Amino acid sequence: MNFDRLSAPDAAPNENVVAIRNLVKVHAAGSATQVRALAGISLDIARGAHVAVVGESGSGKTTLMHLLGALDRPTSGSVVVDGVDIGRASRAELKALRAARIGFVFQGFNLIASLDALENVMLPARYARVPADRARERARRLLADVGLADRMHHRPAQLSGGQQQRVAIARALVNEPALVLADEPTGELDRRSSETVLGLLEGIQRADGHTLVVVTHSEAVWKRAQRVIRIADGMLVA
Amino acid sequence: MLGAVLHNLRSRALRTALTVGGIAIGIVALVVVGSLAERLQTIVGRSNALNSNEIFAVSTGFDRDGSVTAADSLNRAARQIRRFGGVRDVVAEVIVPYGVSAGGAGDPGRFGPPALVFGFPPAARVYQTAAPQVASGRDLRPSDVRAAVIGADFAAAADAAVGSTIAIYGNSFHVVGIIEKSFTLFDAAIVVPFAQAQALMLQDVPPTVPALPRAPATALMVVVDPHADTGLLARRINLLTGLQAHDPKATAANFASVTSIFDAIIFGAALIALVVGAFSIVNTMTIAVTERTREIGIRKAIGAGDGDILREFVVEAAVIGALGALAGIVASALIITYVNARNADVGNLELFALTPRLVGGSFVFAVLLSIVAGLVPALSAARLDPTEALRRSA
Ligand SMILES: Nc1ncnc2c1ncn2[C@@H]1O[C@H](COP(=O)(O)OP(=O)(O)OP(=O)(O)O)[C@@H](O)[C@H]1O
Ligand SMILES: [Mg+2]
């Protein structure tokens with residue numbers, strides 16, 4: 001059902017894929033370890049944009065990514081992703097949004113160890129209830145696109161770190177998401193693998209018009225983004 | 001899906017093996033005791049069918065010596081019983097116990113019911129609808145002389161087959177048929193023509209006895225109406241001299257109480273299997289969930305619903321249960337085959353019956369049990385907060 005939305009033309013090509021208003025996120029509210037990780041952020045991200053999110057450790061980048069990825073709900077304020085209000089949507093709506101409209105790439109240990117590369121890439125399609133034949137065909141094409149046509153049936157443990165991240169990128173794209181989120185995708189890679197992985201991410205953003213949000217510590221990375229969002233202590237820095 | 005499950009199980013092979021072994025032990029307990037109960041149920045069921053209230057045997061309590069007066073009183077009693085309410089027919093039969101003989105058949109070391117020589121008049125055959133069938137060879141014919149149809153156990157003990165000749169109290173009989181194994185008295189039976197059974201009965205009558213009975217018999221088959229009060233009839237028959245009757249309903253009730261004890265034992269074995277299996281499944285699956293916390297976070301981030309995660313772990317638990325059940329069933333089958341083979345030497349009892357329903361039932365039981373036990377850790381996995389799961393490093 002959610003997959004049907006994929007083939008439907010987007011309502012307004014120029015709308016913002018992300019709209020954040022006065023977003024506050026307090027972790028462990030009411031406990032001794034309470035942290036105000038996001039302290040009132042307002043932000044729009046245009047469809048098709050390439051955005052880098054930078055900031056010191058503990059500044060709230062991962063917290064923001066989890067909210068954009070519909071994994072968490074705001075303490076106050078609002079986050080709207082692809083037309084879905086994260087704070088108000090039902091659990092089922094959030095699940096459907098994650099499965100069909102958002103692609104995730106994490107830092108390290110990204111893949112499911114018991115599944116081979118192809119199965120890993122197919123997984124979001126399975127969760128979005130896409131017919132297996134169609135999912136397999138897309139997954140094969142994407143793995144070929146990231147240069148892993150000959151690694152379809154390798155398990156994560158049989159792949160290098162850079163290859164694993166390429167599988168993760170293919171997986172993030174299998175449902176043609178509106179928004180691709182990458183939280184330090186090259187954090188554990190050497191320079192050459194990092195280049196390959198980033199090149200791939202940027203390539204798909206430019207070619208297919210996916211919106212790309214990358215969290216990074218690396219200057220080399222954020223310099224290539226169209227837009228850089230700086231966070232410090234849970235707030236945007238001009 | 002199954003490939004991934006097996007990969008996960010293989011990646012913690014020792015833990016999987018221990019859990020599978022735990023379930024297998026429970027299943028062995030269940031299947032071995034269960035197959036004993038299955039055998040008992042067959043025995044009880046067939047014996048009950050044989051002694052159903054339609055047919056109602058009365059033993060006269062006299063033996064091969066001094067039987068003449070008893071035979072006369074038996075015939076008198078038969079005429080009296082025929083007039084009782086609820087009685088449809090009374091048929092005289094000959095049942096002679098068969099001990100060790102020069103023929104070499106009876107082995108005193110054997111365990112099991114004693115061999116009995118039966119002689120049924122043609123009238124009795126009409127009512128013997130529940131009697132075990134002849135498995136090889138043929139049944140007796142009215143024209144047969146010195147022919148015998150023998151029970152499966154007797155055939156094995158006497159090493160007799162269709163075509164053999166056996167000696168009963170010095171008389172030789174030609175074996176024409178073997179009766180199927182039925183776990184009833186017929187397993188040790190030697191059925192001979194009625195006239196020959198009567199002759200066997202009288203052959204040792206001392207020469208001092210002046211006159212032989214006209215219609216010698218040792219037992220009466222009392223055929224009753226379907227709704228007759230068999231208990232009352234048995235008591236009335238017992239009042240007649242020289243007769244002893246058993247109420248088949250009371251016998252069936254006795255059997256039922258024995259079977260219910262066995263059912264309780266199976267239930268106990270099942271309970272042990274349940275506790276052992278359930279605990280080890282909960283244990284191994286809880287560890288699996290902890291080890292795969294980050295994986296669960298990733299799955300949720302890429303669109304898995306709680307139900308998807310739940311299914312993942314429940315299927316894994318069910319596969320462990322199925323493997324345990326298979327191992328347990330194979331082990332039980334080996335044990336049962338071995339014990340049955342050993343017992344064959346001492347009485348062909350075949351104490352254990354590994355029935356398809358027992359095998360299927362224990363398999364389903366093990367898988368259902370594993371699913372229920374697996375639900376506990378699987379639910380905790382499904383309810384994990386994805387943001388916290390993702391903050392784990394592994
Ligand atoms: N579950 C939690 N409970 C309490 N505090 C938390 C929790 N999760 C995060 N925090 C706190 O929120 C703040 C922001 O964390 P976050 O992970 O978003 O930072 P980050 O910018 O991603 O840092 P890094 O660059 O090191 O990944 C941190 O101070 C952290 O300690
Ligand atoms: Mg972070």
# chains A, B, ... in the order shown; residues from 1 in each chain; ligands from 1
>>> residues_around(residues="Val90 in chain B", least_positions_apart="4", cutoff="10 Å", atoms="only C-alpha atoms", output="number ranges by chain")
B: 55-57, 77-83, 123-124, 220-224
>>> residues_near_ligand(ligand="ligand 1", cutoff="7 Å", atoms="only C-alpha atoms and all ligand atoms", output="MDAnalysis selection string")
(chainID A and resid 27:28 33:37 55:64) or (chainID B and resid 388)
>>> write_last_selection(atoms="N, CA and C atoms", output="mmCIF file, in the first residue's frame")
data_model
loop_
_atom_site.group_PDB
_atom_site.id
_atom_site.type_symbol
_atom_site.label_atom_id
_atom_site.label_comp_id
_atom_site.auth_asym_id
_atom_site.auth_seq_id
_atom_site.Cartn_x
_atom_site.Cartn_y
_atom_site.Cartn_z
ATOM 1 N N HIS A 27 15.997 14.107 26.430
ATOM 2 C CA HIS A 27 16.218 12.678 26.686
ATOM 3 C C HIS A 27 16.043 12.392 28.164
ATOM 4 N N ALA A 28 15.552 11.238 28.477
ATOM 5 C CA ALA A 28 15.423 10.760 29.865
ATOM 6 C C ALA A 28 14.753 11.809 30.738
ATOM 7 N N THR A 33 19.467 11.790 34.650
ATOM 8 C CA THR A 33 20.300 11.891 33.451
ATOM 9 C C THR A 33 19.609 12.697 32.349
ATOM 10 N N GLN A 34 18.609 13.486 32.744
ATOM 11 C CA GLN A 34 17.857 14.269 31.749
ATOM 12 C C GLN A 34 18.787 15.179 30.943
ATOM 13 N N VAL A 35 18.630 15.156 29.606
ATOM 14 C CA VAL A 35 19.458 15.993 28.733
ATOM 15 C C VAL A 35 18.569 16.668 27.710
ATOM 16 N N ARG A 36 18.748 17.965 27.560
ATOM 17 C CA ARG A 36 18.000 18.706 26.549
ATOM 18 C C ARG A 36 18.843 18.663 25.273
ATOM 19 N N ALA A 37 18.659 17.593 24.477
ATOM 20 C CA ALA A 37 19.546 17.355 23.332
ATOM 21 C C ALA A 37 19.259 18.311 22.184
ATOM 22 N N GLY A 55 28.688 19.354 13.833
ATOM 23 C CA GLY A 55 28.639 19.823 15.212
ATOM 24 C C GLY A 55 29.481 18.925 16.076
ATOM 25 N N GLU A 56 29.795 19.432 17.250
ATOM 26 C CA GLU A 56 30.667 18.661 18.140
ATOM 27 C C GLU A 56 29.945 17.434 18.675
ATOM 28 N N SER A 57 30.737 16.546 19.198
ATOM 29 C CA SER A 57 30.158 15.347 19.805
ATOM 30 C C SER A 57 29.214 15.746 20.927
ATOM 31 N N GLY A 58 28.041 15.149 20.920
ATOM 32 C CA GLY A 58 27.058 15.443 21.958
ATOM 33 C C GLY A 58 26.217 16.665 21.659
ATOM 34 N N SER A 59 26.371 17.229 20.469
ATOM 35 C CA SER A 59 25.631 18.455 20.159
ATOM 36 C C SER A 59 24.180 18.170 19.780
ATOM 37 N N GLY A 60 23.848 16.918 19.453
ATOM 38 C CA GLY A 60 22.449 16.584 19.161
ATOM 39 C C GLY A 60 22.199 16.105 17.748
ATOM 40 N N LYS A 61 23.254 15.786 16.992
ATOM 41 C CA LYS A 61 23.091 15.402 15.586
ATOM 42 C C LYS A 61 22.317 14.078 15.440
ATOM 43 N N THR A 62 22.736 13.088 16.196
ATOM 44 C CA THR A 62 22.058 11.787 16.090
ATOM 45 C C THR A 62 20.609 11.907 16.566
ATOM 46 N N THR A 63 20.402 12.693 17.613
ATOM 47 C CA THR A 63 19.039 12.927 18.100
ATOM 48 C C THR A 63 18.172 13.492 16.979
ATOM 49 N N LEU A 64 18.733 14.457 16.238
ATOM 50 C CA LEU A 64 17.993 15.063 15.129
ATOM 51 C C LEU A 64 17.709 14.034 14.043
ATOM 52 N N GLU B 388 17.147 3.657 21.342
ATOM 53 C CA GLU B 388 18.076 3.103 22.337
ATOM 54 C C GLU B 388 18.826 1.924 21.750
#
>>> interface_residues(of="chain A", to="chain B", cutoff="6 Å", atoms="only C-alpha atoms", output="count of residues only")
7
>>> atom_distance(atom1="CA of Leu354 in chain B", atom2="CA of Leu326 in chain B")
14.0 Å
>>> select_by_dssp(residues="range 1-234 of chain A", states="strand (DSSP E)", output="PyMOL selection string")
chain A and resi 16-27+35-46+50-55+76-81+84-85+102-105+179-183+211-215+227-232
>>> residues_around(residues="Val84 in chain A", least_positions_apart="4", cutoff="9 Å", atoms="only C-alpha atoms", output="list in words")
Val79, Val80, Arg88, Ala89, Glu93, Leu94 and Leu97 of chain A
>>> write_last_selection(atoms="N, CA and C atoms", output="PDB file, in the first residue's frame")
ATOM      1  N   VAL A  79       7.951  18.099  13.833  1.00  0.00           N
ATOM      2  CA  VAL A  79       8.797  17.624  12.741  1.00  0.00           C
ATOM      3  C   VAL A  79       7.850  17.022  11.706  1.00  0.00           C
ATOM      4  N   VAL A  80       7.870  17.552  10.492  1.00  0.00           N
ATOM      5  CA  VAL A  80       7.044  16.989   9.428  1.00  0.00           C
ATOM      6  C   VAL A  80       7.978  16.441   8.356  1.00  0.00           C
ATOM      7  N   ARG A  88       2.528  13.469  15.721  1.00  0.00           N
ATOM      8  CA  ARG A  88       1.095  13.143  15.797  1.00  0.00           C
ATOM      9  C   ARG A  88       0.739  11.814  15.125  1.00  0.00           C
ATOM     10  N   ALA A  89       1.600  11.351  14.239  1.00  0.00           N
ATOM     11  CA  ALA A  89       1.258  10.154  13.458  1.00  0.00           C
ATOM     12  C   ALA A  89       1.145   8.922  14.359  1.00  0.00           C
ATOM     13  N   GLU A  93       1.667   4.528  11.053  1.00  0.00           N
ATOM     14  CA  GLU A  93       2.056   5.517  10.034  1.00  0.00           C
ATOM     15  C   GLU A  93       3.559   5.769  10.069  1.00  0.00           C
ATOM     16  N   LEU A  94       4.120   5.808  11.264  1.00  0.00           N
ATOM     17  CA  LEU A  94       5.571   6.016  11.385  1.00  0.00           C
ATOM     18  C   LEU A  94       6.330   4.844  10.774  1.00  0.00           C
ATOM     19  N   LEU A  97       6.158   5.082   7.079  1.00  0.00           N
ATOM     20  CA  LEU A  97       7.040   6.154   6.610  1.00  0.00           C
ATOM     21  C   LEU A  97       8.488   5.670   6.574  1.00  0.00           C
TER      22      LEU A  97
END
>>> residues_around(residues="range 103-108 of chain A", least_positions_apart="5", cutoff="6 Å", atoms="only C-alpha atoms", output="list in words")
Ala168, Ala172, Pro177, Val180, Leu181, Ala182, Asp183, Glu184, Pro185 and Gly187 of chain A
>>> write_last_selection(atoms="N, CA and C atoms", output="compact mmCIF listing (two decimals), in the first residue's frame")
# COMPACT_ATOMS: atom_id res chain seq x y z
N ALA A 168 24.84 -0.97 2.44
CA ALA A 168 23.90 -0.18 3.24
C ALA A 168 23.28 0.94 2.41
N ALA A 172 19.44 1.52 1.53
CA ALA A 172 18.72 2.76 1.83
C ALA A 172 17.89 3.22 0.63
N PRO A 177 13.34 6.17 -1.56
CA PRO A 177 12.83 7.03 -0.49
C PRO A 177 12.89 8.51 -0.86
N VAL A 180 17.06 10.39 2.34
CA VAL A 180 18.11 9.45 2.74
C VAL A 180 18.89 10.07 3.89
N LEU A 181 18.96 9.37 5.01
CA LEU A 181 19.65 9.86 6.18
C LEU A 181 20.90 9.03 6.40
N ALA A 182 22.05 9.72 6.55
CA ALA A 182 23.29 8.99 6.78
C ALA A 182 23.98 9.61 7.99
N ASP A 183 24.09 8.82 9.06
CA ASP A 183 24.72 9.32 10.29
C ASP A 183 26.16 8.82 10.34
N GLU A 184 27.07 9.70 10.01
CA GLU A 184 28.50 9.36 9.92
C GLU A 184 28.73 8.07 9.13
N PRO A 185 28.35 8.08 7.87
CA PRO A 185 28.46 6.84 7.07
C PRO A 185 29.90 6.41 6.83
N GLY A 187 32.39 7.04 9.10
CA GLY A 187 33.11 7.17 10.37
C GLY A 187 34.15 6.11 10.62
>>> atom_distance(atom1="CA of Ala52 in chain A", atom2="CA of Val214 in chain A")
4.8 Å
>>> atom_distance(atom1="CA of Arg12 in chain B", atom2="CA of Gly374 in chain B")
16.6 Å
>>> select_by_dssp(residues="range 104-193 of chain B", states="alpha helix (DSSP H)", output="CSV table (one decimal) with N, CA and C atoms, in the first residue's frame")
chain,number,residue,atom,x,y,z
B,122,PRO,N,-19.8,-74.2,15.7
B,122,PRO,CA,-20.1,-73.3,14.7
B,122,PRO,C,-21.0,-72.1,15.2
B,123,ALA,N,-21.9,-72.4,16.1
B,123,ALA,CA,-22.8,-71.4,16.6
B,123,ALA,C,-22.0,-70.2,17.2
B,124,ALA,N,-20.9,-70.5,17.9
B,124,ALA,CA,-20.1,-69.4,18.5
B,124,ALA,C,-19.5,-68.4,17.5
B,125,ARG,N,-19.2,-69.0,16.4
B,125,ARG,CA,-18.5,-68.2,15.3
B,125,ARG,C,-19.4,-67.0,14.9
B,126,VAL,N,-20.7,-67.2,14.9
B,126,VAL,CA,-21.6,-66.1,14.5
B,126,VAL,C,-21.4,-64.9,15.4
B,127,TYR,N,-21.1,-65.1,16.7
B,127,TYR,CA,-21.0,-64.0,17.6
B,127,TYR,C,-19.6,-63.4,17.7
B,152,ALA,N,-0.3,-65.5,17.1
B,152,ALA,CA,1.0,-65.0,16.6
B,152,ALA,C,2.1,-65.3,17.6
B,153,ASP,N,1.9,-65.1,18.9
B,153,ASP,CA,2.9,-65.3,19.9
B,153,ASP,C,3.2,-66.8,20.0
B,154,PHE,N,2.1,-67.6,20.0
B,154,PHE,CA,2.3,-69.1,20.1
B,154,PHE,C,3.1,-69.6,18.9
B,155,ALA,N,2.8,-69.0,17.7
B,155,ALA,CA,3.5,-69.4,16.5
B,155,ALA,C,5.0,-69.1,16.7
B,156,ALA,N,5.3,-67.9,17.2
B,156,ALA,CA,6.7,-67.5,17.3
B,156,ALA,C,7.4,-68.4,18.3
B,157,ALA,N,6.7,-68.7,19.5
B,157,ALA,CA,7.3,-69.5,20.5
B,157,ALA,C,7.5,-70.9,20.1
B,158,ALA,N,6.5,-71.5,19.4
B,158,ALA,CA,6.6,-72.9,19.0
B,158,ALA,C,7.4,-73.0,17.6
>>> residues_around(residues="Leu198 in chain A", least_positions_apart="4", cutoff="8 Å", atoms="only C-alpha atoms", output="list in words")
Thr186, Ser194, Glu202 and Val221 of chain A
>>> residues_around(residues="range 136-138 of chain B", least_positions_apart="2", cutoff="8 Å", atoms="only C-alpha atoms", output="CSV table (one decimal) with N, CA and C atoms, in the first residue's frame")
chain,number,residue,atom,x,y,z
B,134,VAL,N,-7.5,-64.0,11.0
B,134,VAL,CA,-6.4,-64.8,10.5
B,134,VAL,C,-5.6,-64.0,9.6
B,140,LEU,N,-10.4,-71.9,10.3
B,140,LEU,CA,-10.8,-73.3,10.3
B,140,LEU,C,-12.1,-73.5,9.5
B,149,VAL,N,-5.6,-73.4,14.1
B,149,VAL,CA,-5.2,-72.0,13.8
B,149,VAL,C,-4.6,-71.4,15.0
B,162,VAL,N,2.4,-71.7,8.9
B,162,VAL,CA,1.3,-72.4,8.2
B,162,VAL,C,2.0,-73.7,7.5
B,176,VAL,N,-3.1,-74.5,9.9
B,176,VAL,CA,-3.6,-74.0,8.6
B,176,VAL,C,-3.6,-72.5,8.6
B,177,GLY,N,-3.5,-71.8,9.8
B,177,GLY,CA,-3.6,-70.4,9.8
B,177,GLY,C,-2.9,-69.8,11.0
B,178,ILE,N,-2.5,-68.5,10.9
B,178,ILE,CA,-1.9,-67.8,12.0
B,178,ILE,C,-2.8,-66.6,12.2
B,179,ILE,N,-3.1,-66.3,13.5
B,179,ILE,CA,-4.0,-65.2,13.8
B,179,ILE,C,-3.1,-63.9,14.0
B,180,GLU,N,-3.6,-62.8,13.5
B,180,GLU,CA,-2.9,-61.5,13.6
B,180,GLU,C,-2.6,-61.2,15.1
>>> residues_around(residues="Tyr338 in chain B", least_positions_apart="4", cutoff="12 Å", atoms="only C-alpha atoms", output="number ranges by chain")
B: 32, 331-334, 342-345, 350-352
>>> decode(residues="range 300-328 of chain B", atoms="N, CA, C and O atoms", output="JSON list (two decimals), in the first residue's frame")
[["chain", "number", "residue", "atom", "x", "y", "z"],
["B", 300, "LYS", "N", 14.19, -1.89, 12.73],
["B", 300, "LYS", "CA", 13.08, -0.95, 12.93],
["B", 300, "LYS", "C", 13.31, 0.33, 12.14],
["B", 300, "LYS", "O", 12.37, 0.89, 11.57],
["B", 301, "ALA", "N", 14.57, 0.79, 12.10],
["B", 301, "ALA", "CA", 14.87, 2.03, 11.37],
["B", 301, "ALA", "C", 14.57, 1.87, 9.89],
["B", 301, "ALA", "O", 14.18, 2.84, 9.22],
["B", 302, "ILE", "N", 14.74, 0.68, 9.34],
["B", 302, "ILE", "CA", 14.49, 0.51, 7.91],
["B", 302, "ILE", "C", 13.09, -0.03, 7.65],
["B", 302, "ILE", "O", 12.79, -0.48, 6.56],
["B", 303, "GLY", "N", 12.22, 0.04, 8.66],
["B", 303, "GLY", "CA", 10.81, -0.19, 8.40],
["B", 303, "GLY", "C", 10.16, -1.41, 9.02],
["B", 303, "GLY", "O", 8.99, -1.68, 8.75],
["B", 304, "ALA", "N", 10.90, -2.16, 9.84],
["B", 304, "ALA", "CA", 10.27, -3.32, 10.46],
["B", 304, "ALA", "C", 9.24, -2.88, 11.49],
["B", 304, "ALA", "O", 9.49, -1.95, 12.25],
["B", 305, "GLY", "N", 8.10, -3.53, 11.50],
["B", 305, "GLY", "CA", 7.11, -3.28, 12.54],
["B", 305, "GLY", "C", 7.37, -4.22, 13.70],
["B", 305, "GLY", "O", 8.17, -5.15, 13.59],
["B", 306, "ASP", "N", 6.70, -3.97, 14.82],
["B", 306, "ASP", "CA", 6.86, -4.85, 15.98],
["B", 306, "ASP", "C", 6.56, -6.29, 15.61],
["B", 306, "ASP", "O", 7.23, -7.22, 16.06],
["B", 307, "GLY", "N", 5.54, -6.46, 14.75],
["B", 307, "GLY", "CA", 5.15, -7.81, 14.35],
["B", 307, "GLY", "C", 6.25, -8.51, 13.56],
["B", 307, "GLY", "O", 6.46, -9.72, 13.72],
["B", 308, "ASP", "N", 6.97, -7.74, 12.71],
["B", 308, "ASP", "CA", 8.07, -8.34, 11.94],
["B", 308, "ASP", "C", 9.15, -8.86, 12.88],
["B", 308, "ASP", "O", 9.68, -9.96, 12.68],
["B", 309, "ILE", "N", 9.49, -8.06, 13.90],
["B", 309, "ILE", "CA", 10.53, -8.47, 14.85],
["B", 309, "ILE", "C", 10.06, -9.67, 15.65],
["B", 309, "ILE", "O", 10.80, -10.64, 15.85],
["B", 310, "LEU", "N", 8.81, -9.59, 16.10],
["B", 310, "LEU", "CA", 8.24, -10.68, 16.89],
["B", 310, "LEU", "C", 8.34, -12.00, 16.12],
["B", 310, "LEU", "O", 8.80, -13.02, 16.62],
["B", 311, "ARG", "N", 7.91, -11.94, 14.83],
["B", 311, "ARG", "CA", 7.89, -13.15, 14.01],
["B", 311, "ARG", "C", 9.30, -13.72, 13.88],
["B", 311, "ARG", "O", 9.51, -14.93, 14.00],
["B", 312, "GLU", "N", 10.25, -12.81, 13.64],
["B", 312, "GLU", "CA", 11.65, -13.20, 13.51],
["B", 312, "GLU", "C", 12.10, -14.13, 14.64],
["B", 312, "GLU", "O", 12.63, -15.21, 14.41],
["B", 313, "PHE", "N", 11.83, -13.70, 15.87],
["B", 313, "PHE", "CA", 12.33, -14.46, 17.02],
["B", 313, "PHE", "C", 11.45, -15.67, 17.32],
["B", 313, "PHE", "O", 11.94, -16.70, 17.78],
["B", 314, "VAL", "N", 10.15, -15.54, 17.08],
["B", 314, "VAL", "CA", 9.27, -16.68, 17.34],
["B", 314, "VAL", "C", 9.59, -17.82, 16.37],
["B", 314, "VAL", "O", 9.64, -18.99, 16.76],
["B", 315, "VAL", "N", 9.85, -17.46, 15.10],
["B", 315, "VAL", "CA", 10.21, -18.50, 14.12],
["B", 315, "VAL", "C", 11.50, -19.20, 14.56],
["B", 315, "VAL", "O", 11.61, -20.42, 14.49],
["B", 316, "GLU", "N", 12.44, -18.40, 15.05],
["B", 316, "GLU", "CA", 13.70, -18.98, 15.50],
["B", 316, "GLU", "C", 13.46, -19.96, 16.65],
["B", 316, "GLU", "O", 14.01, -21.07, 16.67],
["B", 317, "ALA", "N", 12.61, -19.57, 17.59],
["B", 317, "ALA", "CA", 12.28, -20.46, 18.72],
["B", 317, "ALA", "C", 11.58, -21.72, 18.20],
["B", 317, "ALA", "O", 11.87, -22.83, 18.66],
["B", 318, "ALA", "N", 10.68, -21.54, 17.24],
["B", 318, "ALA", "CA", 9.93, -22.68, 16.71],
["B", 318, "ALA", "C", 10.88, -23.66, 16.01],
["B", 318, "ALA", "O", 10.72, -24.88, 16.12],
["B", 319, "VAL", "N", 11.88, -23.11, 15.29],
["B", 319, "VAL", "CA", 12.84, -23.99, 14.62],
["B", 319, "VAL", "C", 13.64, -24.78, 15.65],
["B", 319, "VAL", "O", 13.87, -25.99, 15.49],
["B", 320, "ILE", "N", 14.05, -24.12, 16.74],
["B", 320, "ILE", "CA", 14.75, -24.84, 17.81],
["B", 320, "ILE", "C", 13.86, -25.96, 18.34],
["B", 320, "ILE", "O", 14.31, -27.10, 18.52],
["B", 321, "GLY", "N", 12.59, -25.65, 18.55],
["B", 321, "GLY", "CA", 11.66, -26.65, 19.05],
["B", 321, "GLY", "C", 11.51, -27.81, 18.08],
["B", 321, "GLY", "O", 11.51, -28.98, 18.49],
["B", 322, "ALA", "N", 11.43, -27.49, 16.79],
["B", 322, "ALA", "CA", 11.26, -28.54, 15.78],
["B", 322, "ALA", "C", 12.50, -29.43, 15.74],
["B", 322, "ALA", "O", 12.39, -30.66, 15.66],
["B", 323, "LEU", "N", 13.69, -28.82, 15.82],
["B", 323, "LEU", "CA", 14.93, -29.61, 15.82],
["B", 323, "LEU", "C", 14.98, -30.52, 17.04],
["B", 323, "LEU", "O", 15.32, -31.70, 16.95],
["B", 324, "GLY", "N", 14.61, -29.94, 18.21],
["B", 324, "GLY", "CA", 14.59, -30.73, 19.43],
["B", 324, "GLY", "C", 13.62, -31.89, 19.33],
["B", 324, "GLY", "O", 13.92, -33.01, 19.74],
["B", 325, "ALA", "N", 12.45, -31.61, 18.75],
["B", 325, "ALA", "CA", 11.43, -32.66, 18.62],
["B", 325, "ALA", "C", 11.94, -33.77, 17.71],
["B", 325, "ALA", "O", 11.81, -34.95, 18.02],
["B", 326, "LEU", "N", 12.55, -33.38, 16.59],
["B", 326, "LEU", "CA", 13.06, -34.39, 15.65],
["B", 326, "LEU", "C", 14.11, -35.26, 16.33],
["B", 326, "LEU", "O", 14.06, -36.49, 16.26],
["B", 327, "ALA", "N", 15.06, -34.59, 17.02],
["B", 327, "ALA", "CA", 16.12, -35.34, 17.71],
["B", 327, "ALA", "C", 15.50, -36.27, 18.74],
["B", 327, "ALA", "O", 15.88, -37.45, 18.84],
["B", 328, "GLY", "N", 14.54, -35.77, 19.49],
["B", 328, "GLY", "CA", 13.90, -36.57, 20.54],
["B", 328, "GLY", "C", 13.14, -37.75, 19.97],
["B", 328, "GLY", "O", 13.18, -38.85, 20.52]]
